[in-house]
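First comes the structure, then the notes that go with it.
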Amino acid sequence: MDETDEQLVARMAARDEDALAELHRRYAPYLHALARRVLRDPDQADQCVQDAFVNAWNASGRYDPKLAKAKTWLVTIAHRRALNVLRDRPDSTLPLEDWDAPTTVRDRDEEVVVRRAVDTLDDDERELIELAFYRGYSHQELAVVTGRPLGTVKSKLRGALTRLRTHFTEASHDR
Amino acid sequence: MTVDHDQLVAYALGLLDDRQARDVEALLQRDERARRTVAELQDTLTDMVMDQDPVQVPAGDLDRLLDRVRAEQTTVPAVSEPEVREAPPERTSARPRRLSWLPWVAAAAVVAGLLVLPAVPAWQEYLVQREARQYSALPGAVTKPLLNAEGQSVGLFVRLANGQAYVTLDREPQSGRVYQAWQIVDGQPRSLGVFPDRTFLTDRVVPEGSTFAVTVEPPGGSDQPTSAPIAVTPVG
């Protein structure tokens, strides 16, 4: 049976490089995707992911599985790192039009619509999640940029996260 | 201090500044319900990340990573960014292992020459100096003195290969105050974080060509420096 992520982090804390390599194998493709989506610069994104894994390696001795899943811990490290790099750039804002509009992918061979979780959100919710999570806009900045009242921004973000949570919960039950 | 659900959402999304994030972390230490809320929010965002299309990992990515962890040979806790703040914001400290003898000698000479310290308990000073030597000995680290307005050395600035800075000052901030680090570019200060102790590691990169400065601020820090820097050094 494969080791759990939590077991791998525990081995990393004991300086087991094979454990780091296995976590890298499992998650680097997604962390690179995350970093590229935030930073848009492949070189910066690659460096960001490297830094994230190094930070995880160095912090593994303090990881507490009772407080967070190892996968969440690792993704959060990478996300925070990417946002910090983004904020340190001289001009870290992108025009609103440059955010990726999500698409549903149709597999022509099987005529299956691969529905991403974000596709379950309405347009407003999707925009806010993109700008908040992938661009680091605060609630106040989102209100200014999107022209919506602050209360509406907060309410829609809460609703978006609840909808995403429901989607993932139902998806896990369906498996 | 009041933290509402929207603050927890903002925290999970990584949107809070240092001061706001520390407020939330203080709450998370004592409020299990808030911890569960943040954990659930972060799990949701993680699932969203994992739901996106993965990309091809650059060739040699793992090899470079392993080379780097071997070269650093230290345990540098992630963040005061603690990218996941599971515990109280911790002051980082190096726990290097298997450092070869020669870099230590060189680093000790650098640190001894730059770090002039007042009388403090010997064992505490020993730990501070050891930590400073360990950071100075890391590959790619550049060590400089931190100077006060009179040009006297009041601490040490070690810029690491990845751009983060390890700083040690000659004394703790006075009671009821904190240190705040700044990068100054074209006369404009930008906060690098708030630190309650005399030694700290910035979670943000200190850009080359900037000036690094430390001021004394009220708890939680300030949007702009409220007093003249107590320690300054040019970077790069």
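Convention: chains lettered A, B, ... in structure tokens order; per-chain residue numbering from 1; ligands numbered from 1 as shown.
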
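All residues within chain A that the backbone DSSP calculation assigns to strand (DSSP E or B) are Val105, Arg106, Asp107, Val112, Val113 and Val114 of chain A.
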
Store the residues picked out above, limited to C-alpha atoms, as an mmCIF file, in the first residue's frame.
```
data_model
loop_
_atom_site.group_PDB
_atom_site.id
_atom_site.type_symbol
_atom_site.label_atom_id
_atom_site.label_comp_id
_atom_site.auth_asym_id
_atom_site.auth_seq_id
_atom_site.Cartn_x
_atom_site.Cartn_y
_atom_site.Cartn_z
ATOM 1 C CA VAL A 105 -13.398 20.378 -21.537
ATOM 2 C CA ARG A 106 -15.214 18.050 -23.852
ATOM 3 C CA ASP A 107 -13.542 14.748 -24.532
ATOM 4 C CA VAL A 112 -17.746 13.296 -21.654
ATOM 5 C CA VAL A 113 -17.839 16.790 -20.254
ATOM 6 C CA VAL A 114 -15.131 17.150 -17.663
#
```

Counting only C-alpha atoms, which residues of chain A fall within 6 Å of chain B, and what is the closest atom pair for each with its distance in Å at one decimal, ordered by chain and rising number, as a Markdown table?
```
| residue | atom | partner | partner_atom | distance |
| --- | --- | --- | --- | --- |
| A:Pro29 | CA | B:Pro54 | CA | 4.8 |
| A:Tyr30 | CA | B:Pro54 | CA | 4.7 |
| A:Ala33 | CA | B:Val55 | CA | 5.5 |
| A:Asn55 | CA | B:Ala78 | CA | 4.9 |
| A:Asn58 | CA | B:Thr75 | CA | 4.5 |
| A:Ala59 | CA | B:Pro77 | CA | 4.5 |
| A:Thr72 | CA | B:Thr46 | CA | 5.6 |
| A:Trp73 | CA | B:Val84 | CA | 5.9 |
| A:Thr76 | CA | B:Glu83 | CA | 5.9 |
| A:Ile77 | CA | B:Glu83 | CA | 4.3 |
| A:Arg80 | CA | B:Glu83 | CA | 5.6 |
| A:Phe133 | CA | B:Leu13 | CA | 5.6 |
| A:Gly136 | CA | B:Leu15 | CA | 5.8 |
| A:Ser138 | CA | B:Leu15 | CA | 5.3 |
| A:Arg165 | CA | B:Thr44 | CA | 5.5 |
```

Just all heavy atoms for this one: save the residues we selected as a short mmCIF file (atom, residue, chain, number, x, y, z; two decimals), in the first residue's frame.
```
data_model
loop_
_atom_site.label_atom_id
_atom_site.label_comp_id
_atom_site.auth_asym_id
_atom_site.auth_seq_id
_atom_site.Cartn_x
_atom_site.Cartn_y
_atom_site.Cartn_z
N PRO A 29 3.47 18.47 -10.24
CA PRO A 29 2.71 18.90 -11.41
C PRO A 29 1.59 19.88 -11.07
O PRO A 29 1.31 20.80 -11.84
CB PRO A 29 2.15 17.59 -11.97
CG PRO A 29 3.08 16.53 -11.48
CD PRO A 29 3.49 16.99 -10.11
N TYR A 30 0.97 19.68 -9.93
CA TYR A 30 -0.12 20.58 -9.54
C TYR A 30 0.41 21.88 -8.96
O TYR A 30 -0.17 22.95 -9.16
CB TYR A 30 -1.03 19.88 -8.52
CG TYR A 30 -1.68 18.65 -9.10
CD1 TYR A 30 -1.13 17.39 -8.91
CD2 TYR A 30 -2.84 18.76 -9.86
CE1 TYR A 30 -1.71 16.27 -9.47
CE2 TYR A 30 -3.43 17.64 -10.41
CZ TYR A 30 -2.86 16.40 -10.22
OH TYR A 30 -3.43 15.30 -10.78
N ALA A 33 1.45 24.00 -11.78
CA ALA A 33 0.27 24.58 -12.41
C ALA A 33 -0.23 25.76 -11.59
O ALA A 33 -0.58 26.82 -12.13
CB ALA A 33 -0.82 23.52 -12.54
N ASN A 55 10.97 24.86 1.61
CA ASN A 55 10.33 25.30 2.85
C ASN A 55 9.63 24.13 3.55
O ASN A 55 9.68 24.00 4.77
CB ASN A 55 9.30 26.41 2.56
CG ASN A 55 9.97 27.75 2.34
OD1 ASN A 55 11.16 27.92 2.61
ND2 ASN A 55 9.22 28.72 1.85
N ASN A 58 12.18 21.95 5.17
CA ASN A 58 12.72 22.55 6.39
C ASN A 58 11.71 22.62 7.52
O ASN A 58 12.09 22.62 8.69
CB ASN A 58 13.25 23.96 6.08
CG ASN A 58 14.52 23.92 5.24
OD1 ASN A 58 15.31 22.98 5.34
ND2 ASN A 58 14.71 24.91 4.40
N ALA A 59 10.43 22.72 7.19
CA ALA A 59 9.39 22.84 8.21
C ALA A 59 8.76 21.51 8.59
O ALA A 59 7.87 21.45 9.44
CB ALA A 59 8.30 23.80 7.74
N THR A 72 -2.83 19.61 2.04
CA THR A 72 -3.25 20.99 2.24
C THR A 72 -2.08 21.83 2.73
O THR A 72 -1.89 22.97 2.30
CB THR A 72 -4.40 21.05 3.26
OG1 THR A 72 -5.51 20.34 2.73
CG2 THR A 72 -4.80 22.48 3.56
N TRP A 73 -1.30 21.27 3.64
CA TRP A 73 -0.12 21.96 4.18
C TRP A 73 0.83 22.31 3.05
O TRP A 73 1.28 23.46 2.93
CB TRP A 73 0.53 21.03 5.20
CG TRP A 73 1.82 21.43 5.81
CD1 TRP A 73 2.02 22.33 6.82
CD2 TRP A 73 3.11 20.89 5.51
NE1 TRP A 73 3.35 22.38 7.16
CE2 TRP A 73 4.04 21.50 6.37
CE3 TRP A 73 3.57 19.93 4.61
CZ2 TRP A 73 5.40 21.19 6.36
CZ3 TRP A 73 4.92 19.62 4.60
CH2 TRP A 73 5.81 20.26 5.45
N THR A 76 -0.72 24.90 0.56
CA THR A 76 -0.77 26.23 1.18
C THR A 76 0.60 26.88 1.22
O THR A 76 0.73 28.08 0.99
CB THR A 76 -1.36 26.13 2.60
OG1 THR A 76 -2.63 25.50 2.54
CG2 THR A 76 -1.53 27.50 3.22
N ILE A 77 1.63 26.09 1.50
CA ILE A 77 3.00 26.63 1.45
C ILE A 77 3.29 27.19 0.06
O ILE A 77 3.79 28.31 -0.09
CB ILE A 77 4.03 25.54 1.80
CG1 ILE A 77 3.98 25.22 3.30
CG2 ILE A 77 5.44 25.95 1.40
CD1 ILE A 77 4.87 24.06 3.72
N ARG A 80 1.12 30.40 -0.69
CA ARG A 80 1.61 31.57 0.02
C ARG A 80 2.88 32.10 -0.63
O ARG A 80 3.09 33.31 -0.78
CB ARG A 80 1.91 31.23 1.48
CG ARG A 80 0.70 30.92 2.32
CD ARG A 80 -0.09 32.16 2.67
NE ARG A 80 -1.05 31.90 3.72
CZ ARG A 80 -2.30 31.52 3.53
NH1 ARG A 80 -2.75 31.32 2.31
NH2 ARG A 80 -3.10 31.31 4.56
N PHE A 133 -7.82 34.18 -5.04
CA PHE A 133 -6.88 33.08 -4.79
C PHE A 133 -5.67 33.13 -5.71
O PHE A 133 -4.55 32.87 -5.28
CB PHE A 133 -7.62 31.74 -4.96
CG PHE A 133 -6.78 30.55 -4.58
CD1 PHE A 133 -6.53 30.27 -3.24
CD2 PHE A 133 -6.26 29.70 -5.54
CE1 PHE A 133 -5.75 29.17 -2.88
CE2 PHE A 133 -5.49 28.61 -5.19
CZ PHE A 133 -5.24 28.34 -3.86
N GLY A 136 -4.46 37.34 -5.44
CA GLY A 136 -4.17 37.90 -4.13
C GLY A 136 -4.89 39.19 -3.81
O GLY A 136 -4.48 39.94 -2.93
N SER A 138 -7.35 41.54 -2.02
CA SER A 138 -8.07 41.52 -0.74
C SER A 138 -9.55 41.79 -0.98
O SER A 138 -9.95 42.19 -2.08
CB SER A 138 -7.51 42.59 0.18
OG SER A 138 -7.82 43.88 -0.35
N ARG A 165 -17.00 23.41 -1.70
CA ARG A 165 -16.92 22.36 -0.69
C ARG A 165 -17.98 21.30 -0.94
O ARG A 165 -17.71 20.10 -0.86
CB ARG A 165 -17.09 22.98 0.70
CG ARG A 165 -17.01 21.99 1.85
CD ARG A 165 -15.56 21.60 2.13
NE ARG A 165 -15.25 20.29 1.61
CZ ARG A 165 -14.08 19.97 1.05
NH1 ARG A 165 -13.13 20.85 0.92
NH2 ARG A 165 -13.86 18.76 0.61
#
```

> If we count only C-alpha atoms, what is near His167 (chain A) at a cut-off of 8 Å, once residues fewer than 3 positions away on the same chain are taken out, given as a PyMOL selection string?
Replying inline: chain A and resi 117+120+163-164+170-171

How about saving the chosen residues, C-alpha atoms kept, as a JSON list (two decimals), in the first residue's frame?
```
[["chain", "number", "residue", "atom", "x", "y", "z"],
["A", 117, "ALA", "CA", -15.35, 22.37, -9.65],
["A", 120, "THR", "CA", -20.24, 24.98, -10.67],
["A", 163, "ARG", "CA", -20.37, 25.62, -3.23],
["A", 164, "LEU", "CA", -16.91, 24.27, -3.96],
["A", 170, "GLU", "CA", -20.45, 15.02, -3.37],
["A", 171, "ALA", "CA", -17.68, 14.02, -5.78]]
```

> Per DSSP on the backbone, what are the helix (DSSP H, G or I) residues of chain A, as a PyMOL selection string?
Replying inline: chain A and resi 5-13+17-39+42-62+70-88+96-98+117-120+123-134+139-146+150-174

> Could you pull the residues within 10 Å of region 208-214 of chain B, counting only C-alpha atoms, minus those fewer than 4 positions along the same chain, as a count of residues only?
Replying inline: 36

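Reported to one decimal place, the separation of CA of Arg177 (chain B) from CA of Arg19 (chain B) is 13.7 Å.
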
>> For a test of reading the model, state the distance in Å between CA of Pro173 (chain B) and CA of Val142 (chain B), rounded to one decimal.
In response: 24.8 Å

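The space separating CA of Ala13 (chain A) from CA of Ala56 (chain A) comes to 9.5 Å.
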
>> Env of region 124-131 of chain A: 6 Å cut, atoms = only C-alpha atoms, seq-sep filter 5 positions within chain, self excluded. Answer as a list in words.
In response: Tyr137, Lys156 and Ala160 of chain A

Next, write the just-selected residues to a file, as a short mmCIF file (atom, residue, chain, number, x, y, z; two decimals), in the first residue's frame, keeping C-alpha atoms as the atom set.
```
data_model
loop_
_atom_site.label_atom_id
_atom_site.label_comp_id
_atom_site.auth_asym_id
_atom_site.auth_seq_id
_atom_site.Cartn_x
_atom_site.Cartn_y
_atom_site.Cartn_z
CA TYR A 137 -6.75 40.67 -4.21
CA LYS A 156 -20.16 35.84 -2.72
CA ALA A 160 -18.32 30.25 -3.66
#
```
